[in-house]
Amino acid sequence: MIAPNLAVDIAGLKLKNPVMTASGTFGYGEEYADYFDLNALGAIVVKGLSITPRTGNPTPRIVETPSGMLNAIGLQNIGVRTFIDEKLPFLRQFDTKVIANFFGDSIEEYAECARMLSDAEGVHALEMNISCPNKQEGWIVFGTDPMTMDKVISVTRKSTALPLIVKLSPNVKDIGQMAKIAENAGADAVSAINTITGMVIDVRKRMPVLANKTGGLSGPAIRPVAVRMVWEVCRAVKIPVIGMGGIMNAEDALQFLIAGARAVAVGTANFINPSAAADVVEGLKLFLQDEGVSDINEIIGTLR
Amino acid sequence: MIAPNLAVDIAGLKLKNPVMTASGTFGYGEEYADYFDLNALGAIVVKGLSITPRTGNPTPRIVETPSGMLNAIGLQNIGVRTFIDEKLPFLRQFDTKVIANFFGDSIEEYAECARMLSDAEGVHALEMNISCPNKQEGWIVFGTDPMTMDKVISVTRKSTALPLIVKLSPNVKDIGQMAKIAENAGADAVSAINTITGMVIDVRKRMPVLANKTGGLSGPAIRPVAVRMVWEVCRAVKIPVIGMGGIMNAEDALQFLIAGARAVAVGTANFINPSAAADVVEGLKLFLQDEGVSDINEIIGTLR
Amino acid sequence: MRRHFKAKVIDNNFAAESFKLITLSPASEVSVPLPGQFYMLESGRSTDPLLKRPFSIFRLNDGCLQFLYRVRGKGTTSIAGFNRGDFINVVGPLGKAYPDPEGPFIAVAGGVGIASLYSLLEKKRGKAMLFYGARNVRELICFEEASKLSAKAFSTTDDGSSGVKGLVTDKLSEFIKNEGRSMPVYACGPHPMLKKVAEIAKHNNLKCYVSLEEHMACGIGACLGCVVKSKSSAVEYEYKRVCKEGPVFDADEVLW
Amino acid sequence: MRRHFKAKVIDNNFAAESFKLITLSPASEVSVPLPGQFYMLESGRSTDPLLKRPFSIFRLNDGCLQFLYRVRGKGTTSIAGFNRGDFINVVGPLGKAYPDPEGPFIAVAGGVGIASLYSLLEKKRGKAMLFYGARNVRELICFEEASKLSAKAFSTTDDGSSGVKGLVTDKLSEFIKNEGRSMPVYACGPHPMLKKVAEIAKHNNLKCYVSLEEHMACGIGACLGCVVKSKSSAVEYEYKRVCKEGPVFDADEVLW
Ligand SMILES: Cc1cc2nc3c(=O)[nH]c(=O)nc-3n(C[C@H](O)[C@H](O)[C@H](O)COP(=O)(O)OP(=O)(O)OC[C@H]3O[C@@H](n4cnc5c(N)ncnc54)[C@H](O)[C@@H]3O)c2cc1C
Ligand SMILES: Cc1cc2nc3c(=O)[nH]c(=O)nc-3n(C[C@H](O)[C@H](O)[C@H](O)COP(=O)(O)OP(=O)(O)OC[C@H]3O[C@@H](n4cnc5c(N)ncnc54)[C@H](O)[C@@H]3O)c2cc1C
Ligand SMILES: Cc1cc2nc3c(=O)[nH]c(=O)nc-3n(C[C@H](O)[C@H](O)[C@H](O)COP(=O)(O)O)c2cc1C
Ligand SMILES: Cc1cc2nc3c(=O)[nH]c(=O)nc-3n(C[C@H](O)[C@H](O)[C@H](O)COP(=O)(O)O)c2cc1C
Ligand code: FES
Ligand code: FES
């Protein structure tokens with residue numbers, strides 16, 4: 001049998017397959033190079049970057065929950081400069097697209113960060129993490145307030161010619177509507193979902209387990225919510241959608257693709273199985289062969 | 001050692017302990033009478049009632065997910081009349097408060113339902129399920145739209161003198177704000193959280209597993225989200241809060257109490273362990289003894 | 001008598017490829033199950049899998065409860081991992097049993113559906129005409145033992161590796177046509193098979209009882225997850241709970 | 001050489017009340033671990049528990065990896081349930097090892113911290129002054145074997161059921177004061193113990209290496225979950241990853 005086609009196109013970004021890594025769960029790629037050939041992936045999305053380095057939150061930063069985990073890393077990162085100088089050269093070795101996830105404390109920072117990353121050789125697309133509070137305007141989270149969201153995307157849009165992916169927060173009432181706002185503000189694609197805010201309390205100490213009190217829930221626990229939200233997003237917008245949330249294997253990934261996502265990202269699963277993302281690629285191939293489908297694009301959005 | 005005090009007061013409703021059952025997970029109480037003495041509970045919350053009986057959704061109605069389950073029962077119920085005539089007499093035998101959960105398709109139905117239940121002997125409080133769409137006004141879900149929510153609570157408030165508990169939907173951006181609206185509209189207490197909307201797709205059939213496509217996620221998977229939301233609600237309002245979402249044992253219940261909930265409800269756990277709610281009561285006693293605390297009220301809201 | 005109890009795993013061995021037989025010794029005094037009733041078995045120690053899983057009582061053996069199950073998804077895989085000596089939580093017996101057949105009767109089993117009928121064959125030794133269909137001879141579990149308990153026994157397999165090649169319902173039709181006897185029919189198996197059996201019974205004016213399956217959360221009537229559409233005099237249809245009003249239904253009640 | 005492999009459980013027995021020793025035979029060729037390195041072990045078949053759990057290599061025995069672990073929460077309870085013959089997923093060896101002591105050295109173990117130091121004692125047979133503290137004699141696991149591998153060995157217990165009653169750090173102070181030797185210190189145990197050991201070492205101008213613990217998700221440097229505050233020349237402090245820059249740190253680097 002001929003190998004099925006896995007290539008997909010995200011707003012002009014050609015991926016050899018629809019499997020990416022989720023930001024913050026794959027470091028800068030190099031951590032996983034010991035475990036599998038990074039050429040196997042459609043794209044690598046790196047840990048969220050800001051203009052200047054961030055130290056992040058105090059510990060404990062993570063706690064396990066039933067079929068999931070909370071994290072409050074606090075966006076620790078090495079900063080755009082160091083990323084470009086020290087991490088990007090390594091990633092350029094691979095025939096895999098590199099997507100830079102980034103964020104800022106203000107609209108200006110978002111725009112500036114996008115600009116800096118756009119000039120770097122080997123960054124193929126940008127993913128805006130808008131689940132961060134706006135320091136200048138009363139700490140409103142960019143991605144949960146329609147007006148703030150529209151503004152930060154519109155401005156950032158103007159500062160980059162790369163495909164701009166907006167990563168949606170699930171901590172909203174109507175994620176489809178938020179996706180529509182992103183589309184109208186100039187996003188080339190949207191990705192969903194980011195983590196859902198949660199808390200675990202140590203009942204003996206009467207204290208939250210995380211030093212930051214709350215953290216973001218990820219992993220299989222959130223998958224049903226993620227699939228539903230991605231499905232809503234796909235029905236709301238015409239731009240491509242990247243689905244994620246609790247994907248552990250190819251079958252989970254297929255739920256998102258069938259719901260309409262053009263690509264998927266593997267997150268927490270990388271922690272449990274360092275070759276999870278590559279295994280998903282293999283699993284998708286097997287599924288297509290098994291079902292006698294020659295092109296993954298014939299699976300996308302086929303939910304009846 | 002003297003047995004610790006477990007009694008709590010919810011808006012004048014005196015419960016012998018803070019443990020209730022979550023609506024829809026305990027039938028009308030009688031299903032569980034074979035498994036433990038219902039007198040052990042603080043309160044029994046019955047399956048959601050409407051003025052006239054409902055047939056509910058087609059099957060499959062449930063599907064298991066990682067550490068959780070989706071349900072789309074579709075509010076099947078026997079109707080207020082039959083409940084009062086056939087189920088309430090059984091419940092009156094017990095020295096346990098009975099809370100009637102109810103809903104409607106329109107504001108008038110909510111008010112009428114509350115009125116009918118208020119006249120029944122042996123109903124001690126009402127819990128409004130506002131996670132239902134408003135048929136008359138474009139299927140907006142009552143509990144996710146501030147205006148609609150305010151209206152339905154204000155009107156229903158006038159039709160009952162019983163303690164009125166409003167059950168909050170988690171499918172919102174800011175549950176604290178929604179709780180505040182409920183408080184201002186006249187709710188005596190709020191309960192949280194109802195299920196989070198989710199979907200599971202059968203990848204071979206390219207179809208949602210549930211006949212209703214989406215369903216409500218419950219169980220341990222949602223507990224971190226529920227604890228966080230209940231904590232936000234407790235900080236937003238002065239009226240008592242009833243916490244629920246994924247409680248499997250006393251330790252889980254304590255997370256909600258420490259976050260500030262005056263009482264808790266055990267839901268999905270009843271399906272896995274028919275005496276789960278009674279076991280939580282026992283576990284709370286042991287915890288208090290172990291910690292040398294003589295009154296559960298000294299635990300409530302002690303999060304540092 | 002407790003209906004929610006701990007039981008010790010005495011044995012949990014393969015009965016055939018992908019079929020296991022688990023033997024449980026209850027740790028407290030428990031009720032005696034009737035043929036057709038079922039139990040909810042713990043599906044593991046953690047919250048994934050979360051819900052208990054429903055299984056028909058296969059046999060009561062020396063005070064022990066036996067269940068014959070097919071290892072399918074994550075729940076049964078987890079149950080298959082229980083070892084001798086482990087304790088597991090059990091709820092049951094649950095649901096309505098098969099009404100006692102007064103004389104000879106027809107039993108139709110599809111695949112692991114034999115689990116639900118086996119104890120009826122045991123109880124009514126020598127009274128059953130057994131029709132047992134499976135995919136192949138390997139999945140025709142305990143056909144020999146079941147045959148010995150029956151007056152007559154026929155097997156069918158999809159691949160002809162045992163008995164007649166074809167559908168068990170075809171064999172049943174043929175038998176009723178040829179022998180023309182008037183016996184009640186008791187059936188357990190996949191939904192399409194049950195539907196067909198119900199049609200055949202109706203067509204031949206035979207009383208018919210079917211044991212149905214639905215996804216279950218509680219097994220005790222509380223969640224309303226397991227309902228089936230059934231006929232109602234008052235309204236168009238009515239939902240009945242498989243775990244409470246069933247799993248055994250008069251085929252006439254069911255809206256197929 | 002694979003750092004992510006399947007391994008067969010050869011043994012998984014109690015070493016003491018609530019302590020187990022698991023012996024794993026890798027199914028493929030794997031790297032040889034150094035004392036102080038650790039592995040991430042699968043915590044079960046389902047998604048609850050979800051994450052792998054970190055454990056120091058205890059011993060390399062006949063090509064098998066051995067881990068000594070305390071059964072605490074749901075992860076270790078699940079690992080305790082693995083049976084001989086099961087296959088589990090393993091990632092490792094991970095992290096920085098103890099720097100090789102050139103001559104005699106002091107080893108300080110608190111409780112199950114002995115797991116991390118044991119292979120160093122084996123490697124540097126007869127070179128260590130061992131200080132081993134535990135709650136009671138039952139939790140003083142393999143003290144005898146460890147003593148044989150050491151030049152001298154002292155035990156302390158909280159309840160005096162073996163060795164001196166009291167803190168291991170008091171015994172250590174006393175020893176250094178009396179014997180005044182200049183040896184590097186290697187320590188693994190609870191955080192407050194390590195902090196105290198670091199103080200004692202600093203006060204006596206001894207080089208000191210500590211093996212730290214933090215909640216881990218990935219174990220391979222990707223999630224940034226396991227960081228510790230450490231000194232930095234440029235900024236106030238810097239977060240280093242226990243799984244990558246550690247778990248063994250120069251005590252001077254750590255911001256205690
Ligand atoms: C009353 C009754 C008696 C049964 N008796 C037996 C028996 O004796 N032997 C036997 O092998 N099987 C029996 N079954 C079917 C058995 O319960 C399922 O095979 C089992 O639940 C599958 O679980 P799983 O997690 O391995 O499969 P999965 O497919 O992973 O299950 C996922 C979910 O679907 C539900 N589910 C899947 N298939 C079924 C089904 N056919 N019926 C009900 N729920 C299902 C599961 O309970 C679970 O919630 C019976 C079912 C019912 C309702
Ligand atoms: C580098 C390293 C080496 C270790 N070596 C050993 C060893 O050889 N023997 C041994 O018994 N233990 C060792 N530990 C501690 C061991 O990892 C924890 O006891 C174990 O993870 C607890 O898991 P649990 O699910 O049973 O406990 P829970 O308390 O239920 O764990 C809940 C969560 O907290 C994390 N956690 C809890 N305690 C710790 C801890 N002390 N360190 C790290 N994470 C923790 C768990 O990984 C899990 O994510 C080591 C830890 C680290 C970081
Ligand atoms: C430890 C950790 C760190 C993360 N950091 C980021 C980040 O820097 N930027 C971002 O957009 N998302 C971040 N995420 C969210 C993930 O990219 C992903 O959206 C989410 O975890 C859901 O997918 P999963 O369930 O497969 O992990 C992080 C998630 C985890 C678990
Ligand atoms: C099968 C099922 C039916 C439910 N029916 C109702 C209902 O009728 N009314 C209501 O307000 N909540 C209903 N709920 C929501 C629960 O009361 C509870 O809010 C939710 O399940 C979270 O708690 P848990 O995780 O402990 O189950 C239902 C939940 C389940 C699982
Ligand atoms: S399984 Fe819950 S009502 Fe039948
Ligand atoms: S555990 Fe993930 S970076 Fe250390």
# chains A, B, ... in the order shown; residues from 1 in each chain; ligands from 1

call {"tool": "residues_around", "arguments": {"residues": "Leu94 (chain C)", "least_positions_apart": "6", "cutoff": "8 Å", "atoms": "only C-alpha atoms", "output": "list in words"}}
result
Gln37, Phe38, Tyr39, Gly219, Ile220, Cys243 and Lys244 of chain C

call {"tool": "residues_around", "arguments": {"residues": "region 50-56 of chain C", "least_positions_apart": "6", "cutoff": "6 Å", "atoms": "only C-alpha atoms", "output": "PDB file with N, CA, C and O atoms, in the first residue's frame"}}
result
ATOM      1  N   SER B  67     -10.806   9.805  34.244  1.00  0.00           N
ATOM      2  CA  SER B  67     -11.187  10.258  35.587  1.00  0.00           C
ATOM      3  C   SER B  67     -12.479  11.063  35.625  1.00  0.00           C
ATOM      4  O   SER B  67     -12.679  11.876  36.531  1.00  0.00           O
ATOM      5  N   ILE B 272     -19.987   5.161  41.869  1.00  0.00           N
ATOM      6  CA  ILE B 272     -18.867   4.235  42.012  1.00  0.00           C
ATOM      7  C   ILE B 272     -18.931   3.543  43.371  1.00  0.00           C
ATOM      8  O   ILE B 272     -18.596   2.380  43.505  1.00  0.00           O
TER       9      ILE B 272
ATOM     10  N   GLN C  37     -29.676 -11.783  36.488  1.00  0.00           N
ATOM     11  CA  GLN C  37     -29.265 -10.599  37.251  1.00  0.00           C
ATOM     12  C   GLN C  37     -27.796 -10.283  36.985  1.00  0.00           C
ATOM     13  O   GLN C  37     -27.076 -11.090  36.400  1.00  0.00           O
ATOM     14  N   PHE C  38     -27.388  -9.107  37.408  1.00  0.00           N
ATOM     15  CA  PHE C  38     -26.011  -8.715  37.140  1.00  0.00           C
ATOM     16  C   PHE C  38     -25.394  -8.011  38.342  1.00  0.00           C
ATOM     17  O   PHE C  38     -26.087  -7.700  39.317  1.00  0.00           O
ATOM     18  N   TYR C  39     -24.092  -7.779  38.251  1.00  0.00           N
ATOM     19  CA  TYR C  39     -23.323  -7.097  39.299  1.00  0.00           C
ATOM     20  C   TYR C  39     -22.501  -5.984  38.669  1.00  0.00           C
ATOM     21  O   TYR C  39     -22.138  -6.059  37.495  1.00  0.00           O
ATOM     22  N   MET C  40     -22.199  -4.979  39.475  1.00  0.00           N
ATOM     23  CA  MET C  40     -21.245  -3.951  39.057  1.00  0.00           C
ATOM     24  C   MET C  40     -19.913  -4.286  39.723  1.00  0.00           C
ATOM     25  O   MET C  40     -19.837  -4.372  40.959  1.00  0.00           O
ATOM     26  N   LEU C  41     -18.882  -4.458  38.915  1.00  0.00           N
ATOM     27  CA  LEU C  41     -17.559  -4.805  39.449  1.00  0.00           C
ATOM     28  C   LEU C  41     -16.611  -3.610  39.363  1.00  0.00           C
ATOM     29  O   LEU C  41     -16.578  -2.907  38.344  1.00  0.00           O
ATOM     30  N   GLU C  42     -15.869  -3.419  40.418  1.00  0.00           N
ATOM     31  CA  GLU C  42     -14.837  -2.383  40.462  1.00  0.00           C
ATOM     32  C   GLU C  42     -13.909  -2.530  39.256  1.00  0.00           C
ATOM     33  O   GLU C  42     -13.486  -3.632  38.923  1.00  0.00           O
ATOM     34  N   SER C  43     -13.577  -1.396  38.627  1.00  0.00           N
ATOM     35  CA  SER C  43     -12.745  -1.480  37.426  1.00  0.00           C
ATOM     36  C   SER C  43     -11.308  -1.064  37.692  1.00  0.00           C
ATOM     37  O   SER C  43     -10.567  -0.780  36.758  1.00  0.00           O
ATOM     38  N   SER C 116     -25.001 -14.737  30.588  1.00  0.00           N
ATOM     39  CA  SER C 116     -26.269 -14.410  31.242  1.00  0.00           C
ATOM     40  C   SER C 116     -27.205 -15.613  31.301  1.00  0.00           C
ATOM     41  O   SER C 116     -28.009 -15.752  32.225  1.00  0.00           O
TER      42      SER C 116
END

call {"tool": "residues_around", "arguments": {"residues": "Arg138 (chain C)", "least_positions_apart": "5", "cutoff": "10 Å", "atoms": "only C-alpha atoms", "output": "list of chain:residue names"}}
result
C:Ala15, C:Ala16, C:Glu17, C:Ser18, C:Phe19, C:Thr157, C:Ser161, C:Ser162

call {"tool": "closest_residue", "arguments": {"among": "B:Phe271, B:Ile153, B:Ala265, B:Asp34", "to": "ligand 5", "atoms": "only C-alpha atoms and all ligand atoms"}}
result
B:Phe271

call {"tool": "interface_residues", "arguments": {"of": "chain D", "to": "chain C", "cutoff": "7 Å", "atoms": "only C-alpha atoms", "output": "NGL selection string"}}
result
:D and (46-48)

call {"tool": "residues_near_ligand", "arguments": {"ligand": "ligand 6", "cutoff": "7 Å", "atoms": "only C-alpha atoms and all ligand atoms", "output": "ChimeraX atom specification"}}
result
/D:216-227,241-244

call {"tool": "write_last_selection", "arguments": {"atoms": "N, CA, C and O atoms", "output": "mmCIF file, in the first residue's frame"}}
result
data_model
loop_
_atom_site.group_PDB
_atom_site.id
_atom_site.type_symbol
_atom_site.label_atom_id
_atom_site.label_comp_id
_atom_site.auth_asym_id
_atom_site.auth_seq_id
_atom_site.Cartn_x
_atom_site.Cartn_y
_atom_site.Cartn_z
ATOM 1 N N MET D 216 8.314 16.702 40.036
ATOM 2 C CA MET D 216 8.749 16.652 38.644
ATOM 3 C C MET D 216 7.613 16.198 37.737
ATOM 4 O O MET D 216 6.851 15.310 38.093
ATOM 5 N N ALA D 217 7.541 16.779 36.558
ATOM 6 C CA ALA D 217 6.605 16.269 35.567
ATOM 7 C C ALA D 217 7.375 15.450 34.533
ATOM 8 O O ALA D 217 7.095 14.289 34.321
ATOM 9 N N CYS D 218 8.413 16.062 33.926
ATOM 10 C CA CYS D 218 9.060 15.389 32.795
ATOM 11 C C CYS D 218 10.349 14.658 33.172
ATOM 12 O O CYS D 218 10.672 13.621 32.610
ATOM 13 N N GLY D 219 11.127 15.218 34.086
ATOM 14 C CA GLY D 219 12.412 14.615 34.467
ATOM 15 C C GLY D 219 13.526 14.843 33.461
ATOM 16 O O GLY D 219 14.658 14.429 33.687
ATOM 17 N N ILE D 220 13.217 15.504 32.329
ATOM 18 C CA ILE D 220 14.245 15.632 31.290
ATOM 19 C C ILE D 220 14.538 17.085 30.920
ATOM 20 O O ILE D 220 15.191 17.350 29.922
ATOM 21 N N GLY D 221 14.028 18.007 31.722
ATOM 22 C CA GLY D 221 14.408 19.398 31.517
ATOM 23 C C GLY D 221 13.443 20.232 30.707
ATOM 24 O O GLY D 221 13.721 21.398 30.424
ATOM 25 N N ALA D 222 12.294 19.687 30.365
ATOM 26 C CA ALA D 222 11.400 20.390 29.445
ATOM 27 C C ALA D 222 10.319 21.219 30.122
ATOM 28 O O ALA D 222 9.912 22.247 29.595
ATOM 29 N N CYS D 223 9.853 20.801 31.280
ATOM 30 C CA CYS D 223 8.648 21.445 31.820
ATOM 31 C C CYS D 223 8.936 22.607 32.762
ATOM 32 O O CYS D 223 8.060 23.420 33.029
ATOM 33 N N LEU D 224 10.154 22.700 33.280
ATOM 34 C CA LEU D 224 10.540 23.740 34.238
ATOM 35 C C LEU D 224 9.747 23.649 35.536
ATOM 36 O O LEU D 224 9.560 24.654 36.238
ATOM 37 N N GLY D 225 9.283 22.462 35.855
ATOM 38 C CA GLY D 225 8.499 22.282 37.068
ATOM 39 C C GLY D 225 9.352 22.102 38.306
ATOM 40 O O GLY D 225 8.930 22.397 39.420
ATOM 41 N N CYS D 226 10.578 21.624 38.134
ATOM 42 C CA CYS D 226 11.367 21.099 39.254
ATOM 43 C C CYS D 226 12.475 22.014 39.722
ATOM 44 O O CYS D 226 13.453 21.551 40.300
ATOM 45 N N VAL D 227 12.328 23.305 39.496
ATOM 46 C CA VAL D 227 13.460 24.201 39.729
ATOM 47 C C VAL D 227 13.754 24.466 41.211
ATOM 48 O O VAL D 227 12.884 24.322 42.062
ATOM 49 N N ARG D 241 17.152 23.615 37.166
ATOM 50 C CA ARG D 241 16.301 22.426 37.113
ATOM 51 C C ARG D 241 16.941 21.279 37.895
ATOM 52 O O ARG D 241 18.071 20.880 37.591
ATOM 53 N N VAL D 242 16.229 20.750 38.852
ATOM 54 C CA VAL D 242 16.741 19.620 39.642
ATOM 55 C C VAL D 242 16.994 18.424 38.729
ATOM 56 O O VAL D 242 17.947 17.672 38.910
ATOM 57 N N CYS D 243 16.164 18.261 37.710
ATOM 58 C CA CYS D 243 16.284 17.073 36.861
ATOM 59 C C CYS D 243 17.444 17.162 35.878
ATOM 60 O O CYS D 243 17.893 16.152 35.358
ATOM 61 N N LYS D 244 17.928 18.378 35.627
ATOM 62 C CA LYS D 244 18.923 18.545 34.558
ATOM 63 C C LYS D 244 20.251 19.064 35.127
ATOM 64 O O LYS D 244 21.279 18.430 34.968
#

call {"tool": "residues_around", "arguments": {"residues": "Leu41 (chain A)", "least_positions_apart": "5", "cutoff": "10 Å", "atoms": "only C-alpha atoms", "output": "list in words"}}
result
Leu15, Lys16, Asn17, Pro18, Val19, Met20, Thr21, Phe36, Phe94, Asp95, Thr96, Lys97, Ala277, Ala278, Asp279, Val280 and Val281 of chain A

call {"tool": "select_by_dssp", "arguments": {"residues": "region 20-112 of chain D", "states": "alpha helix (DSSP H)", "output": "MDAnalysis selection string"}}
result
chainID D and resid 74:80

call {"tool": "closest_atom_pairs", "arguments": {"of": "chain A", "to": "chain D", "cutoff": "7 Å", "atoms": "only C-alpha atoms", "output": "JSON lines"}}
result
{"residue": "A:Gly24", "atom": "CA", "partner": "D:Cys223", "partner_atom": "CA", "distance": 6.3}
{"residue": "A:Thr25", "atom": "CA", "partner": "D:Cys223", "partner_atom": "CA", "distance": 5.5}
{"residue": "A:Phe26", "atom": "CA", "partner": "D:Ala222", "partner_atom": "CA", "distance": 5.4}
{"residue": "A:Gly27", "atom": "CA", "partner": "D:Ala222", "partner_atom": "CA", "distance": 4.3}
{"residue": "A:Glu31", "atom": "CA", "partner": "D:Ala222", "partner_atom": "CA", "distance": 6.1}
{"residue": "A:Tyr35", "atom": "CA", "partner": "D:His4", "partner_atom": "CA", "distance": 6.9}
{"residue": "A:Thr55", "atom": "CA", "partner": "D:Tyr239", "partner_atom": "CA", "distance": 6.8}
{"residue": "A:Pro60", "atom": "CA", "partner": "D:His215", "partner_atom": "CA", "distance": 6.8}
{"residue": "A:Arg61", "atom": "CA", "partner": "D:Gly225", "partner_atom": "CA", "distance": 5.4}
{"residue": "A:Ile62", "atom": "CA", "partner": "D:Gly225", "partner_atom": "CA", "distance": 5.8}
{"residue": "A:Pro66", "atom": "CA", "partner": "D:Asp48", "partner_atom": "CA", "distance": 5.5}
{"residue": "A:Ser67", "atom": "CA", "partner": "D:Asp48", "partner_atom": "CA", "distance": 4.8}
{"residue": "A:Gly68", "atom": "CA", "partner": "D:Leu50", "partner_atom": "CA", "distance": 6.6}
{"residue": "A:Ile73", "atom": "CA", "partner": "D:Gly225", "partner_atom": "CA", "distance": 6.3}
{"residue": "A:Phe271", "atom": "CA", "partner": "D:Cys218", "partner_atom": "CA", "distance": 4.2}
{"residue": "A:Ile272", "atom": "CA", "partner": "D:Leu51", "partner_atom": "CA", "distance": 5.6}

call {"tool": "residues_around", "arguments": {"residues": "Ala109 (chain C)", "least_positions_apart": "6", "cutoff": "6 Å", "atoms": "only C-alpha atoms", "output": "PyMOL selection string"}}
result
chain C and resi 132+187-189

call {"tool": "atom_distance", "arguments": {"atom1": "CA of Tyr118 (chain C)", "atom2": "CA of Asp159 (chain C)"}}
result
23.6 Å

call {"tool": "residues_near_ligand", "arguments": {"ligand": "ligand 3", "cutoff": "8 Å", "atoms": "only C-alpha atoms and all ligand atoms", "output": "ChimeraX atom specification"}}
result
/A:21-25,46-49,62,68-73,75-76,101-103,127-131,167,192-195,216-223,244-248,265-269 /D:217,223-225
